[in-house]
Structures are given as C-alpha cells and as structure tokens.
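J.: Just passing along the structure, written as structure tokens.
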Amino acid sequence: MATFVQKFGGTSVGDPKRIARCAARVKQRRDEGHDIVVVVSAMGQTTDELIELAERVNDKAPRRELDMLMATGEQVSVALFSMALEKIGVPATSLTGGQAGVSTDGMFGRARVTRVSRERLDREIALRRVPVVCGFQGLSADGEVTTLGRGGSDTTAVALAAALQIAEHGGSCEIFTDVDGVYTADPRLVPSASKLARISYEEMLELALLGAQVMHPRAVLFGERYGVPIHVRHSQRTETGTLICRETPDMEDVMVVGAALKADLGRVSLRRIPNNPGMQGMLFEAVAKAGILVDDIVQTEFGEMASISFTVDHSELADVKIAASQVLDRVGTGELAIEIGLSKVSVVGTGMKSHVGVASRMFTALGNAGISIHNITTSEIKISCIVGKEHGQRALAIAHEAFGLDRLGAAQAAGTAG
Ligand code: ADP
Ligand code: ASP
Ligand code: MG
C-alpha cells in the first residue's frame with residue numbers, strides 16, 4: 001500500500017460538479033487500497049477576487065491582512081471537498097495549512113515552508129480518514145497565517161508528500177490541473193506545443209521560474225530535494241500526464257525541452273553611479289528589504305562609474321521605484337530610468353550543457369522574424385532574451401519552432417527524442 005498526495009487546482013474545483021468529479025478520483029485511488037492526502041486550491045478565480053476586494057477597501061492593505069483574507073479561499077474549498085467525499089462514503093477531515101502541520105517563515109505573501117510535522121496527517125490516516133488540506137497557506141512561528149505566493153498550493157502538496165516520504169512505498173504526488181501534463185510551452189499561447197512524457201526537476205524548475213505557470217517553482221525544488229515523484233495530470237481526464245523526475249543520462253540528448261514567456265516585465269536602470277565597493281550590496285539590500293523579487297541583473301562599467309539594470313515583474317515597479325530612488329538619494333549622484341512593456345522569452349534544456357549552437361539558433365530565429373533583442377541572459381541550461389512586450393507571444397512561438405518542440409512530445413513517447 002502506498003500513499004498518494006493528490007492536489008486539485010482552482011479550475012478543477014471551480015464548481016460543485018467538478019468538486020464531485022475530483023472527489024470520485026480520490027475515492028478511486030483509495031479503493032485501490034492506498035492512503036490519500038488531498039490538497040486543494042481556492043475555487044476558480046477566488047484568490048483574484050479576494051485581492052480585488054481588498055484593493056477596493058484599501059489599496060495599500062497590510063500584507064498580514066491580505067494573507068488572512070486570501071487564506072479563506074482555500075478554506076472554502078477544503079470544507080466543500082470533504083463534504084463531497086463524505087457524500088460518496090469516504091470519511092474526510094478538512095484542515096487548514098496550520099492544522100495540517102505546515103510551518104512557514106513570517107514573510108507574508110511569499111512565505112517559505114520551513115517545516116512540516118506529520119502527526120495530524122498520520123492520525124487522520126490511521127483512522128482511515130482522508131485529510132483534505134488547504135493549499136497555499138501555513139502558520140508562522142508567531143502563529144500568524146501566511147500564504148506561499150501565487151500558485152503555492154503545488155508547494156503545499158509536494159512538501160506534504162516529502163514529509164510523508166511517499167516515494168518509499170511507490171506513491172507519488174499527483175498535481176491535477178486543467179491541462180493534461182507539462183507541455184513544451186504554454187498550450188494556451190503556443191497551440192502546437194507538445195506534451196512531455198517526462199521532464200527533469202532541474203528543467204521544470206527553470207521553466208517554472210521563467211514563467212511556466214503549470215508548477216510553482218518551490219514545489220519543484222522540494223520535489224528535487226526530497227526525491228518526490230511529481231505527476232502532472234488533467235483532473236477531468238485519464239491520460240497519463242507528465243512525470244517530473246531525476247535527470248537520466250538520455251535527457252542530455254535533447255538540447256531544448258521547453259520554452260516559456262514572462263509577459264509583462266519592467267526594467268529599472270541606475271545609470272552613472274560610482275562603482276564603489278559595496279554599492280551593489282547597498283542597492284540590492286534595499287530592494288530585498290522592500291520584498292521585491294529581482295529577475296535578471298546586468299552591470300556595465302565605464303571607468304569609475306557603472307550602470308546597473310535589472311528586470312522585475314510589472315507589479316513590482318511602484319515599490320522598486322521607491323527603493324531605488326532612496327538608494328540614489330544616499331549616493332547623491334546618478335539617475336534612475338524605468339522602462340515598461342518588456343517580455344522575456346526563454347528556452348530550457350539539460351542538453352545545452354553538452355550541445356553547441358543553441359544560443360545562435362535562438363538569436364537567428366528571432367532576428368529573421370525582425371524581433372530586436374534588448375538583453376540576453378544565460379545559465380547552464382537556459383537562454384533568455386528580453387524583447388518588446390508586443391513581440392512576446394510571437395517570439396515564444398518562434399523559439400518553440402526553432403527547436404522543433406512541436407515534435408518533441410511524440411519523439412519522447414516513441415523513444416526517439418534526441
Ligand atoms: P491550477 O489552478 O490547477 O494550479 P494553473 O493555472 O496554475 O492551474 O496551471 C495550469 C496552466 O498553466 C495551464 O492551463 C496552462 O495554460 C499553463 N501553463 C504554462 N506553461 C505551461 C506548460 N509548459 N505546460 C502546461 N501548462 C502550462
Ligand atoms: N489559490 C492560490 C492562487 O490562486 C494558490 C494556488 O492556486 O495554488 O494563487
Ligand atoms: Mg497553479
């Protein structure tokens with residue numbers, strides 16, 4: 001007998017009918033003789049609606065109160081999901097993140113899971129009950145309700161799966177969503193994208209960080225760290241889906257497995273600032289203190305002076321402007337420039353470590369399409385280009401085509417990828 005953690009996303013539990021179908025899925029696994037822990041997201045667009053509601057009351061709402069509010073979305077769905085399970089004869093107990101043993105740090109809005117204690121889950125399982133846990137939320141050491149960042153229910157699921165050591169007895173963490181697996185690009189943006197049979201944690205993590213919303217980045221990190229097999233599947237269909245797993249040697253044969261888009265970025269530049277020791281530390285400490293997530297950083301030097309540019313999500317621009325202006329005031333010289341309307345298109349693949357010509361293929365394809373590249377960043381397994389927002393989606397499709405990604409899914413399935 002194995003333990004399965006089954007996570008159901010917002011669309012999958014968007015109305016009573018869908019909740020009933022997901023509950024039937026849980027019953028089916030349980031009837032095979034396995035122990036099940038369920039993790040659920042807020043129904044449909046609930047989290048967005050709660051944020052909008054808060055904005056109408058106070059557009060500078062304290063982050064603590066925002067977390068308290070957002071956490072209610074998942075509470076609605078766990079209660080309803082448990083009721084749906086009870087209705088079909090499966091004893092179930094709904095639990096908040098805190099009740100389920102999810103401890104976090106105190107960073108409201110983007111808290112990190114620091115520990116999962118499994119006692120309560122074990123107790124429910126021992127009673128043959130199915131714990132139905134609120135995704136996306138935890139409890140800080142001060143007893144505060146925290147949330148894990150948008151899309152964070154995936155992280156709750158994988159963190160619980162790690163704590164329960166599900167891999168030891170052949171279990172897995174099933175991420176049920178509104179798409180039947182991980183595709184070579186977001187199928188909503190690139191209709192020719194193909195479904196991957198498997199992808200390494202490392203590649204999935206990069207894709208998630210670069211904009212592939214299908215998995216929360218921290219969920220993938222937990223999966224890798226604790227060896228949790230993650231199975232991404234459609235909640236209303238029965239196809240096999242995609243397995244996120246450790247890298248195998250043959251994965252290096254494929255140069256690029258996926259492309260991703262961050263659609264709306266802004267670029268912040270501090271120009272002509274003195275390149276004194278500690279300058280960069282001071283700037284990014286101020287940015288970090290303001291709780292701003294920085295994307296790529298580029299520095300250029302001219303003699304004693306430097307210019308530093310970094311990209312951030314569009315939503316962070318107001319906060320970053322304040323933090324960067326304060327730094328410039330302290331420095332007493334230099335100028336601040338903010339550009340909006342940028343996108344980042346990236347390709348990812350473990351095979352880049354051992355293949356040459358990946359960068360040139362991407363740049364040439366974008367160039368042939370008449371798209372200017374405003375900035376380039378690379379790592380061992382990714383290449384990213386900043387382009388004008390108006391070109392973002394087309395650039396994604398071009399990069400996808402340049403690496404033949406529409407055929408990769410079929411090639412993987414036939415064992416001829418690479
Ligand atoms: P859930 O509410 O189930 O967590 P999400 O909306 O967070 O679902 O994630 C699923 C969505 O992720 C899909 O509908 C799809 O549009 C998007 N997506 C982005 N990149 C990818 C990708 N590479 N493969 C599959 N889906 C992707
Ligand atoms: N409900 C949260 C959100 O919309 C968490 C999640 O869906 O994973 O971001
Ligand atoms: Mg999600």
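Chain lettering (A, B, ...) mirrors the order of the structure tokens, residue numbering begins at 1 for each chain separately, and ligand numbering begins at 1 in order of display.
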Enumerate as a list in words the residues within 6 Å of ligand 2, counting only C-alpha atoms and all ligand atoms.
T.: Gly9, Gly10, Ser41, Ala42, Thr47, Phe136, Arg150, Gly151, Gly152, Ser153 and Asp154 of chain A
J.: Would you list the residues that come within 9 Å of ligand 1? Count only C-alpha atoms and all ligand atoms and give the answer as a PyMOL selection string.
T.: chain A and resi 7-13+41-45+150-154+175-189+193-196+204+207-208+211-216+232+234-235+258-261
J.: For ligand 3, which residue among A:Ala61, A:Ala219, A:Val113, A:Val102 is the nearest when counting only C-alpha atoms and all ligand atoms?
T.: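 Of all the options, A:Ala219 lies closest to ligand 3.
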J.: Work out how far apart atom CA of A:Gln165 and atom CA of A:Arg29 are and give it in Å to one decimal.
T.: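 Pair atom CA of A:Gln165 / atom CA of A:Arg29 returns 17.9 Å.
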J.: Just how far from atom CA of A:Ile338 is atom CA of A:Asn276, in Å to one decimal?
T.: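 Computed distance, atom CA of A:Asn276 to atom CA of A:Ile338, equals 22.8 Å.
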J.: Just the helix (DSSP H, G or I) stuff from stretch 38-255 of chain A, please, per backbone DSSP, written as a PyMOL selection string.
T.: chain A and resi 46-57+63-87+119-126+153-163+166-169+201-209+217-226+249-253
J.: Need to verify the contact set: A:Ala369, 8 Å, only C-alpha atoms, exclusion of same-chain residues closer than 3 positions in sequence. Can you return it as a ChimeraX atom specification?
T.: /A:365-366,398
